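Enquirer: Handing over work.cif, mmCIF, C-alpha atoms and all ligand atoms; chains and numbers go by the auth columns.
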```cif
data_start
loop_
_atom_site.group_PDB
_atom_site.id
_atom_site.type_symbol
_atom_site.label_atom_id
_atom_site.label_comp_id
_atom_site.label_asym_id
_atom_site.label_seq_id
_atom_site.Cartn_x
_atom_site.Cartn_y
_atom_site.Cartn_z
_atom_site.B_iso_or_equiv
_atom_site.auth_seq_id
_atom_site.auth_asym_id
ATOM 1 C CA MET A 1 -6.522 11.916 32.601 0.00 1 A
ATOM 2 C CA SER A 2 -3.625 14.379 32.584 0.00 2 A
ATOM 3 C CA LEU A 3 -3.870 17.901 31.163 0.00 3 A
ATOM 4 C CA VAL A 4 -2.158 17.177 27.876 0.00 4 A
ATOM 5 C CA ASP A 5 -3.016 19.517 25.010 0.00 5 A
ATOM 6 C CA ALA A 6 -5.345 18.022 22.351 0.00 6 A
ATOM 7 C CA LYS A 7 -2.710 18.702 19.697 0.00 7 A
ATOM 8 C CA VAL A 8 -0.181 16.644 21.650 0.00 8 A
ATOM 9 C CA ARG A 9 -2.701 13.802 22.029 0.00 9 A
ATOM 10 C CA ASP A 10 -3.189 13.730 18.256 0.00 10 A
ATOM 11 C CA ARG A 11 0.560 13.210 17.860 0.00 11 A
ATOM 12 C CA MET A 12 0.319 9.686 19.286 0.00 12 A
ATOM 13 C CA ILE A 13 -1.363 7.037 17.154 0.00 13 A
ATOM 14 C CA VAL A 14 -2.027 3.756 18.938 0.00 14 A
ATOM 15 C CA ALA A 15 -1.836 0.679 16.696 0.00 15 A
ATOM 16 C CA LEU A 16 -4.774 -1.664 17.300 0.00 16 A
ATOM 17 C CA ASP A 17 -2.869 -4.795 16.303 0.00 17 A
ATOM 18 C CA TYR A 18 -5.427 -7.331 17.505 0.00 18 A
ATOM 19 C CA PRO A 19 -6.959 -10.469 15.982 0.00 19 A
ATOM 20 C CA ASN A 20 -10.559 -9.379 16.546 0.00 20 A
ATOM 21 C CA VAL A 21 -12.719 -6.305 17.017 0.00 21 A
ATOM 22 C CA SER A 22 -13.743 -7.091 20.584 0.00 22 A
ATOM 23 C CA ALA A 23 -10.119 -7.092 21.791 0.00 23 A
ATOM 24 C CA ALA A 24 -9.522 -3.780 20.014 0.00 24 A
ATOM 25 C CA GLU A 25 -12.731 -2.290 21.418 0.00 25 A
ATOM 26 C CA ALA A 26 -11.735 -3.350 24.934 0.00 26 A
ATOM 27 C CA LEU A 27 -8.496 -1.346 24.656 0.00 27 A
ATOM 28 C CA VAL A 28 -10.262 1.679 23.123 0.00 28 A
ATOM 29 C CA TRP A 29 -12.765 1.572 25.962 0.00 29 A
ATOM 30 C CA GLN A 30 -9.989 1.321 28.562 0.00 30 A
ATOM 31 C CA LEU A 31 -8.028 4.232 27.034 0.00 31 A
ATOM 32 C CA GLY A 32 -11.130 6.447 26.865 0.00 32 A
ATOM 33 C CA ASP A 33 -10.285 10.108 26.230 0.00 33 A
ATOM 34 C CA VAL A 34 -6.552 9.537 26.690 0.00 34 A
ATOM 35 C CA VAL A 35 -6.066 8.423 23.070 0.00 35 A
ATOM 36 C CA THR A 36 -7.578 10.295 20.113 0.00 36 A
ATOM 37 C CA PHE A 37 -5.943 8.579 17.122 0.00 37 A
ATOM 38 C CA TYR A 38 -5.981 4.851 16.303 0.00 38 A
ATOM 39 C CA LYS A 39 -4.356 2.753 13.624 0.00 39 A
ATOM 40 C CA ILE A 40 -6.142 -0.199 12.079 0.00 40 A
ATOM 41 C CA GLY A 41 -3.699 -2.434 10.253 0.00 41 A
ATOM 42 C CA LEU A 42 -3.737 -5.630 8.254 0.00 42 A
ATOM 43 C CA GLU A 43 -4.595 -8.085 11.020 0.00 43 A
ATOM 44 C CA LEU A 44 -7.623 -6.193 12.341 0.00 44 A
ATOM 45 C CA SER A 45 -8.826 -5.077 8.879 0.00 45 A
ATOM 46 C CA ILE A 46 -9.199 -8.724 7.921 0.00 46 A
ATOM 47 C CA ALA A 47 -11.171 -9.342 11.121 0.00 47 A
ATOM 48 C CA GLY A 48 -13.811 -6.592 10.829 0.00 48 A
ATOM 49 C CA GLY A 49 -11.604 -3.570 11.407 0.00 49 A
ATOM 50 C CA LEU A 50 -13.209 -1.509 8.643 0.00 50 A
ATOM 51 C CA ASP A 51 -16.526 -1.463 10.509 0.00 51 A
ATOM 52 C CA LEU A 52 -14.654 -0.592 13.701 0.00 52 A
ATOM 53 C CA ALA A 53 -13.041 2.312 11.806 0.00 53 A
ATOM 54 C CA ALA A 54 -16.517 3.678 11.060 0.00 54 A
ATOM 55 C CA ASP A 55 -17.524 3.303 14.718 0.00 55 A
ATOM 56 C CA LEU A 56 -14.370 5.061 15.929 0.00 56 A
ATOM 57 C CA ILE A 57 -14.864 7.939 13.488 0.00 57 A
ATOM 58 C CA GLY A 58 -18.500 8.165 14.629 0.00 58 A
ATOM 59 C CA ALA A 59 -17.220 8.428 18.218 0.00 59 A
ATOM 60 C CA GLY A 60 -14.963 11.357 17.288 0.00 60 A
ATOM 61 C CA LYS A 61 -11.662 9.485 16.997 0.00 61 A
ATOM 62 C CA LYS A 62 -9.234 9.793 14.107 0.00 62 A
ATOM 63 C CA VAL A 63 -8.375 6.645 12.172 0.00 63 A
ATOM 64 C CA PHE A 64 -5.239 5.665 10.304 0.00 64 A
ATOM 65 C CA LEU A 65 -6.010 2.802 7.927 0.00 65 A
ATOM 66 C CA ASP A 66 -2.688 1.026 7.509 0.00 66 A
ATOM 67 C CA LEU A 67 -3.208 -1.150 4.444 0.00 67 A
ATOM 68 C CA LYS A 68 0.188 -0.447 2.836 0.00 68 A
ATOM 69 C CA LEU A 69 -1.327 -0.657 -0.643 0.00 69 A
ATOM 70 C CA HIS A 70 0.857 -1.670 -3.566 0.00 70 A
ATOM 71 C CA ASP A 71 -0.771 -2.778 -6.838 0.00 71 A
ATOM 72 C CA ILE A 72 -1.359 -1.551 -10.376 0.00 72 A
ATOM 73 C CA GLY A 73 -2.323 2.103 -10.580 0.00 73 A
ATOM 74 C CA ASN A 74 -6.019 1.607 -11.328 0.00 74 A
ATOM 75 C CA THR A 75 -6.465 -0.691 -8.327 0.00 75 A
ATOM 76 C CA VAL A 76 -4.598 1.612 -5.944 0.00 76 A
ATOM 77 C CA GLU A 77 -6.476 4.686 -7.158 0.00 77 A
ATOM 78 C CA ARG A 78 -9.860 3.036 -6.625 0.00 78 A
ATOM 79 C CA ALA A 79 -8.945 1.566 -3.238 0.00 79 A
ATOM 80 C CA THR A 80 -7.750 5.009 -2.141 0.00 80 A
ATOM 81 C CA GLU A 81 -11.057 6.546 -3.275 0.00 81 A
ATOM 82 C CA ALA A 82 -12.872 3.896 -1.235 0.00 82 A
ATOM 83 C CA ALA A 83 -10.772 4.708 1.860 0.00 83 A
ATOM 84 C CA ALA A 84 -11.426 8.442 1.393 0.00 84 A
ATOM 85 C CA ALA A 85 -15.178 7.733 1.218 0.00 85 A
ATOM 86 C CA ARG A 86 -14.967 5.976 4.600 0.00 86 A
ATOM 87 C CA GLY A 87 -13.703 9.148 6.256 0.00 87 A
ATOM 88 C CA VAL A 88 -10.418 7.767 7.530 0.00 88 A
ATOM 89 C CA HIS A 89 -7.693 10.348 8.136 0.00 89 A
ATOM 90 C CA ILE A 90 -4.601 8.474 6.944 0.00 90 A
ATOM 91 C CA LEU A 91 -4.023 5.673 4.427 0.00 91 A
ATOM 92 C CA THR A 92 -0.654 4.048 3.727 0.00 92 A
ATOM 93 C CA VAL A 93 0.745 2.860 0.419 0.00 93 A
ATOM 94 C CA HIS A 94 4.218 1.536 -0.300 0.00 94 A
ATOM 95 C CA ALA A 95 6.412 4.365 -1.545 0.00 95 A
ATOM 96 C CA TYR A 96 6.743 3.293 -5.176 0.00 96 A
ATOM 97 C CA PRO A 97 6.293 6.137 -7.687 0.00 97 A
ATOM 98 C CA GLN A 98 3.386 4.567 -9.659 0.00 98 A
ATOM 99 C CA THR A 99 1.626 3.558 -6.453 0.00 99 A
ATOM 100 C CA MET A 100 2.001 6.962 -4.808 0.00 100 A
ATOM 101 C CA ALA A 101 0.856 8.814 -7.940 0.00 101 A
ATOM 102 C CA ALA A 102 -2.219 6.576 -8.203 0.00 102 A
ATOM 103 C CA ALA A 103 -3.055 7.119 -4.526 0.00 103 A
ATOM 104 C CA ALA A 104 -2.652 10.883 -4.960 0.00 104 A
ATOM 105 C CA ARG A 105 -5.246 10.742 -7.754 0.00 105 A
ATOM 106 C CA GLY A 106 -7.580 8.647 -5.597 0.00 106 A
ATOM 107 C CA ALA A 107 -7.341 11.060 -2.646 0.00 107 A
ATOM 108 C CA LYS A 108 -7.752 14.225 -4.739 0.00 108 A
ATOM 109 C CA GLY A 109 -10.448 16.549 -3.420 0.00 109 A
ATOM 110 C CA SER A 110 -10.718 14.695 -0.081 0.00 110 A
ATOM 111 C CA PRO A 111 -9.012 15.414 3.258 0.00 111 A
ATOM 112 C CA LEU A 112 -7.476 11.906 3.281 0.00 112 A
ATOM 113 C CA GLU A 113 -3.728 11.979 3.938 0.00 113 A
ATOM 114 C CA VAL A 114 -1.870 9.385 1.873 0.00 114 A
ATOM 115 C CA LEU A 115 1.477 8.429 3.409 0.00 115 A
ATOM 116 C CA GLY A 116 4.160 6.445 1.575 0.00 116 A
ATOM 117 C CA VAL A 117 5.960 3.765 3.574 0.00 117 A
ATOM 118 C CA THR A 118 9.637 4.366 2.728 0.00 118 A
ATOM 119 C CA VAL A 119 11.574 1.416 4.210 0.00 119 A
ATOM 120 C CA LEU A 120 9.945 -0.673 6.928 0.00 120 A
ATOM 121 C CA THR A 121 11.393 -0.170 10.392 0.00 121 A
ATOM 122 C CA SER A 122 12.009 -3.916 10.686 0.00 122 A
ATOM 123 C CA TYR A 123 14.480 -3.741 7.756 0.00 123 A
ATOM 124 C CA ASP A 124 18.187 -2.950 7.899 0.00 124 A
ATOM 125 C CA ASP A 125 20.767 -2.809 5.089 0.00 125 A
ATOM 126 C CA ALA A 126 21.248 -6.576 5.121 0.00 126 A
ATOM 127 C CA ASP A 127 17.489 -7.193 4.797 0.00 127 A
ATOM 128 C CA LEU A 128 17.315 -4.882 1.762 0.00 128 A
ATOM 129 C CA ALA A 129 20.294 -6.650 0.159 0.00 129 A
ATOM 130 C CA THR A 130 18.616 -10.028 0.723 0.00 130 A
ATOM 131 C CA ALA A 131 15.481 -8.673 -0.950 0.00 131 A
ATOM 132 C CA GLY A 132 17.550 -7.713 -4.003 0.00 132 A
ATOM 133 C CA TYR A 133 17.915 -3.972 -3.477 0.00 133 A
ATOM 134 C CA ARG A 134 21.175 -2.312 -4.538 0.00 134 A
ATOM 135 C CA MET A 135 20.912 0.591 -2.103 0.00 135 A
ATOM 136 C CA GLY A 136 20.999 0.564 1.676 0.00 136 A
ATOM 137 C CA VAL A 137 18.336 1.950 4.007 0.00 137 A
ATOM 138 C CA THR A 138 19.442 5.594 4.058 0.00 138 A
ATOM 139 C CA ASP A 139 19.747 5.969 0.284 0.00 139 A
ATOM 140 C CA THR A 140 16.460 4.149 -0.328 0.00 140 A
ATOM 141 C CA VAL A 141 14.605 6.303 2.200 0.00 141 A
ATOM 142 C CA ARG A 142 16.139 9.465 0.687 0.00 142 A
ATOM 143 C CA LEU A 143 15.084 8.428 -2.831 0.00 143 A
ATOM 144 C CA ARG A 144 11.553 7.500 -1.783 0.00 144 A
ATOM 145 C CA ALA A 145 11.000 10.658 0.259 0.00 145 A
ATOM 146 C CA GLY A 146 11.863 12.704 -2.842 0.00 146 A
ATOM 147 C CA GLN A 147 9.533 10.569 -4.958 0.00 147 A
ATOM 148 C CA ALA A 148 6.716 11.027 -2.415 0.00 148 A
ATOM 149 C CA LEU A 149 7.141 14.767 -2.760 0.00 149 A
ATOM 150 C CA GLU A 150 7.008 14.513 -6.567 0.00 150 A
ATOM 151 C CA ALA A 151 3.908 12.293 -6.428 0.00 151 A
ATOM 152 C CA GLY A 152 2.133 14.962 -4.386 0.00 152 A
ATOM 153 C CA ILE A 153 1.040 12.774 -1.465 0.00 153 A
ATOM 154 C CA ALA A 154 0.702 14.143 2.071 0.00 154 A
ATOM 155 C CA GLY A 155 3.925 12.669 3.416 0.00 155 A
ATOM 156 C CA VAL A 156 5.726 9.515 4.465 0.00 156 A
ATOM 157 C CA ILE A 157 6.147 6.866 7.106 0.00 157 A
ATOM 158 C CA CYS A 158 9.769 6.354 8.104 0.00 158 A
ATOM 159 C CA ALA A 159 11.852 5.219 11.040 0.00 159 A
ATOM 160 C CA PRO A 160 12.527 7.883 13.656 0.00 160 A
ATOM 161 C CA THR A 161 16.207 7.445 12.850 0.00 161 A
ATOM 162 C CA ASP A 162 15.469 8.701 9.294 0.00 162 A
ATOM 163 C CA ALA A 163 13.086 11.493 10.330 0.00 163 A
ATOM 164 C CA ALA A 164 15.575 14.385 10.301 0.00 164 A
ATOM 165 C CA MET A 165 16.768 13.558 6.775 0.00 165 A
ATOM 166 C CA VAL A 166 13.202 13.058 5.558 0.00 166 A
ATOM 167 C CA ARG A 167 11.981 16.309 7.133 0.00 167 A
ATOM 168 C CA ALA A 168 14.769 18.190 5.333 0.00 168 A
ATOM 169 C CA ILE A 169 13.620 16.684 2.017 0.00 169 A
ATOM 170 C CA LEU A 170 9.875 17.182 2.545 0.00 170 A
ATOM 171 C CA GLY A 171 9.987 20.631 4.122 0.00 171 A
ATOM 172 C CA PRO A 172 7.671 21.830 6.894 0.00 172 A
ATOM 173 C CA ASP A 173 4.291 21.253 5.205 0.00 173 A
ATOM 174 C CA ARG A 174 4.338 17.492 4.629 0.00 174 A
ATOM 175 C CA ARG A 175 3.701 14.761 7.164 0.00 175 A
ATOM 176 C CA VAL A 176 6.452 12.689 8.710 0.00 176 A
ATOM 177 C CA VAL A 177 5.015 9.844 10.788 0.00 177 A
ATOM 178 C CA THR A 178 7.285 7.413 12.623 0.00 178 A
ATOM 179 C CA PRO A 179 6.598 3.941 13.987 0.00 179 A
ATOM 180 C CA GLY A 180 9.521 2.053 15.519 0.00 180 A
ATOM 181 C CA VAL A 181 9.117 4.126 18.658 0.00 181 A
ATOM 182 C CA ARG A 182 10.167 2.747 22.021 0.00 182 A
ATOM 183 C CA PRO A 183 10.200 4.561 25.364 0.00 183 A
ATOM 184 C CA LYS A 184 13.497 4.053 27.222 0.00 184 A
ATOM 185 C CA GLY A 185 13.823 0.473 28.454 0.00 185 A
ATOM 186 C CA ALA A 186 10.843 -0.872 26.457 0.00 186 A
ATOM 187 C CA ASP A 187 11.011 -4.206 24.669 0.00 187 A
ATOM 188 C CA VAL A 188 12.286 -3.681 21.102 0.00 188 A
ATOM 189 C CA GLY A 189 10.549 -6.752 19.587 0.00 189 A
ATOM 190 C CA ASP A 190 11.055 -7.082 15.806 0.00 190 A
ATOM 191 C CA GLN A 191 11.856 -3.390 15.238 0.00 191 A
ATOM 192 C CA LYS A 192 15.387 -2.573 14.062 0.00 192 A
ATOM 193 C CA ARG A 193 15.488 1.211 13.555 0.00 193 A
ATOM 194 C CA ILE A 194 14.063 2.774 16.711 0.00 194 A
ATOM 195 C CA ALA A 195 14.122 5.888 18.886 0.00 195 A
ATOM 196 C CA THR A 196 12.223 7.225 21.887 0.00 196 A
ATOM 197 C CA PRO A 197 9.017 9.289 21.463 0.00 197 A
ATOM 198 C CA ALA A 198 10.861 12.525 22.343 0.00 198 A
ATOM 199 C CA GLU A 199 13.704 11.730 19.941 0.00 199 A
ATOM 200 C CA ALA A 200 11.231 11.065 17.110 0.00 200 A
ATOM 201 C CA ILE A 201 9.533 14.449 17.579 0.00 201 A
ATOM 202 C CA ALA A 202 12.871 16.255 18.001 0.00 202 A
ATOM 203 C CA ALA A 203 13.998 14.711 14.689 0.00 203 A
ATOM 204 C CA GLY A 204 11.005 16.231 12.900 0.00 204 A
ATOM 205 C CA ALA A 205 8.162 13.694 13.180 0.00 205 A
ATOM 206 C CA ASP A 206 4.611 15.116 13.302 0.00 206 A
ATOM 207 C CA ARG A 207 3.170 11.984 14.811 0.00 207 A
ATOM 208 C CA ILE A 208 4.391 8.692 16.243 0.00 208 A
ATOM 209 C CA VAL A 209 2.817 5.232 15.954 0.00 209 A
ATOM 210 C CA VAL A 210 2.977 3.030 19.038 0.00 210 A
ATOM 211 C CA GLY A 211 1.694 -0.487 19.351 0.00 211 A
ATOM 212 C CA ARG A 212 3.093 -2.896 21.896 0.00 212 A
ATOM 213 C CA PRO A 213 4.533 -0.276 24.292 0.00 213 A
ATOM 214 C CA VAL A 214 0.857 0.536 25.009 0.00 214 A
ATOM 215 C CA THR A 215 -1.099 -2.594 24.035 0.00 215 A
ATOM 216 C CA ALA A 216 1.215 -5.039 25.826 0.00 216 A
ATOM 217 C CA ALA A 217 1.717 -2.841 28.915 0.00 217 A
ATOM 218 C CA ALA A 218 0.415 -4.075 32.253 0.00 218 A
ATOM 219 C CA ASP A 219 -1.327 -0.691 32.543 0.00 219 A
ATOM 220 C CA PRO A 220 -2.050 0.658 29.016 0.00 220 A
ATOM 221 C CA VAL A 221 -3.509 3.928 30.337 0.00 221 A
ATOM 222 C CA ALA A 222 -0.388 4.694 32.377 0.00 222 A
ATOM 223 C CA ALA A 223 1.840 3.698 29.433 0.00 223 A
ATOM 224 C CA ALA A 224 -0.091 5.973 27.043 0.00 224 A
ATOM 225 C CA GLU A 225 -0.051 8.861 29.521 0.00 225 A
ATOM 226 C CA ALA A 226 3.710 8.474 30.032 0.00 226 A
ATOM 227 C CA ILE A 227 4.316 8.654 26.266 0.00 227 A
ATOM 228 C CA LEU A 228 2.035 11.711 25.980 0.00 228 A
ATOM 229 C CA ALA A 229 3.910 13.406 28.834 0.00 229 A
ATOM 230 C CA GLU A 230 7.166 12.712 26.990 0.00 230 A
ATOM 231 C CA LEU A 231 5.693 14.165 23.774 0.00 231 A
ATOM 232 C CA ALA A 232 4.431 17.234 25.634 0.00 232 A
ATOM 233 C CA GLY A 233 7.961 17.897 26.841 0.00 233 A
ATOM 234 C CA ALA A 234 9.597 17.240 23.460 0.00 234 A
HETATM 235 O O1 LIG B . 3.059 1.712 8.468 0.00 301 A
HETATM 236 C C1 LIG B . 3.274 1.477 9.677 0.00 301 A
HETATM 237 O O2 LIG B . 2.532 1.895 10.544 0.00 301 A
HETATM 238 C C2 LIG B . 4.534 0.781 10.004 0.00 301 A
HETATM 239 C C3 LIG B . 5.600 0.980 9.144 0.00 301 A
HETATM 240 C C4 LIG B . 6.880 0.540 9.520 0.00 301 A
HETATM 241 O O3 LIG B . 7.870 0.759 8.814 0.00 301 A
HETATM 242 N N1 LIG B . 7.021 -0.101 10.709 0.00 301 A
HETATM 243 C C5 LIG B . 5.967 -0.358 11.547 0.00 301 A
HETATM 244 O O4 LIG B . 6.180 -0.922 12.631 0.00 301 A
HETATM 245 N N2 LIG B . 4.700 0.042 11.180 0.00 301 A
HETATM 246 C C6 LIG B . 3.533 -0.298 12.036 0.00 301 A
HETATM 247 O O5 LIG B . 3.669 0.356 13.300 0.00 301 A
HETATM 248 C C7 LIG B . 3.226 -0.490 14.349 0.00 301 A
HETATM 249 C C8 LIG B . 4.361 -0.671 15.313 0.00 301 A
HETATM 250 O O6 LIG B . 3.962 -1.493 16.350 0.00 301 A
HETATM 251 P P1 LIG B . 4.874 -1.746 17.632 0.00 301 A
HETATM 252 O O7 LIG B . 6.199 -2.258 17.147 0.00 301 A
HETATM 253 O O8 LIG B . 4.101 -2.762 18.401 0.00 301 A
HETATM 254 O O9 LIG B . 4.991 -0.401 18.322 0.00 301 A
HETATM 255 C C9 LIG B . 2.738 -1.782 13.703 0.00 301 A
HETATM 256 O O10 LIG B . 1.335 -1.706 13.606 0.00 301 A
HETATM 257 C C10 LIG B . 3.370 -1.791 12.332 0.00 301 A
HETATM 258 O O11 LIG B . 2.516 -2.377 11.364 0.00 301 A
#
```
Please rewrite the model in this file as structure tokens.
Ligand SMILES: O=C(O)c1cc(=O)[nH]c(=O)n1[C@@H]1O[C@H](COP(=O)(O)O)[C@@H](O)[C@H]1O
Expert:
Amino acid sequence: MSLVDAKVRDRMIVALDYPNVSAAEALVWQLGDVVTFYKIGLELSIAGGLDLAADLIGAGKKVFLDLKLHDIGNTVERATEAAAARGVHILTVHAYPQTMAAAARGAKGSPLEVLGVTVLTSYDDADLATAGYRMGVTDTVRLRAGQALEAGIAGVICAPTDAAMVRAILGPDRRVVTPGVRPKGADVGDQKRIATPAEAIAAGADRIVVGRPVTAAADPVAAAEAILAELAGA
């Protein structure tokens, strides 16, 4: 393991996008002390990921529960309370004003960071138009970042290409977390708005989320270490 500062390690969140807990555990085991922060998303949550979250927290890891909640206020508030009670560090909701306000109420008094997903990194202007939105990506992200601030949640999830604008809106004390991160030359997959790890941090991101660049690498440890080295130099 390289001598990367613990703070730098915490800047990289590895997405455990696996169909079952044993596959996720195998990667966590392989990565050992290299990775300190894991994301459990929809696929793994359905397949026992909530119990894995408890195990990871028990083992000293940080957990980002990526459920992207969006429902009536009462439901979101109570689900957020339930996530806070599990001791996870981050929970996502879609960045709609009612939803973010409800999540802020649910997280009140706990250290849980609620992050609002502004516009998914797999969406571009044409995708938003198809979905019936009048505004393009940049204007929608700008609007939602301001609404996240008003709702009083910890911060937002946005593409690295939006991070500088979002950081200017949120100021230095809120969280800006960016998926859609690809080291130079990595497979882009279904992501549309991407940047490198160093570019994401330079644009104002606190943390980056990486999935396939680590999980699909022939050597996940080397891939994770290379991203951490890039973050350390950013
Ligand atoms: O909320 C997220 O984490 C998220 C938001 C977003 O806009 N785009 C996005 O890719 N993500 C998640 O970030 C991860 C990216 O994975 P890779 O594309 O494999 O690096 C996935 O787990 C996505 O669910």
Enquirer: Return as a PyMOL selection string the residues of protein, DNA or RNA that approach ligand LIG 301 (chain A) to within 7 Å, with all atoms listed in the file taken into account.
Expert: chain A and resi 15+17+41+66+68+92+117+119-122+157-159+179-181+189-191+209-213
Enquirer: Enumerate, as a list in words, the residues matched when the PyMOL selection byres (((chain A and resi 45) around 10) and not hetatm) is run on the file above.
Expert: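 So the PyMOL selection byres (((chain A and resi 45) around 10) and not hetatm) ends up selecting Leu16, Asp17, Tyr18, Pro19, Asn20, Val21, Ile40, Gly41, Leu42, Glu43, Leu44, Ile46, Ala47, Gly48, Gly49, Leu50, Asp51, Leu52, Ala53, Leu65, Asp66 and Leu67 of chain A.
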Enquirer: Just checking: using only C-alpha atoms, which residue out of A:Thr161, A:Ser22, A:Thr36, A:Asn74 ends up closest to Ala59 (chain A)?
Expert: A:Thr36
Enquirer: Could you tell me which of A:Ile227, A:Ala126, A:Leu115, A:Ala205 comes closest to Thr80 (chain A) if we count only C-alpha atoms?
Expert: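 Closest candidate: A:Leu115.
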Enquirer: Evaluate the PyMOL selection byres (((chain A and resi 148) around 9) and not hetatm) here and jot the selected residues down as a PyMOL selection string.
Expert: chain A and resi 95-97+100-101+115-116+118+143-147+149-156+170
Enquirer: Which of these, A:Ile90, A:Val221, A:Ala168, A:Leu228, has the shortest distance to Thr196 (chain A) once you count all atoms listed in the file?
Expert: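 Among A:Ile90, A:Val221, A:Ala168, A:Leu228, it is A:Leu228 that comes nearest to Thr196 (chain A).
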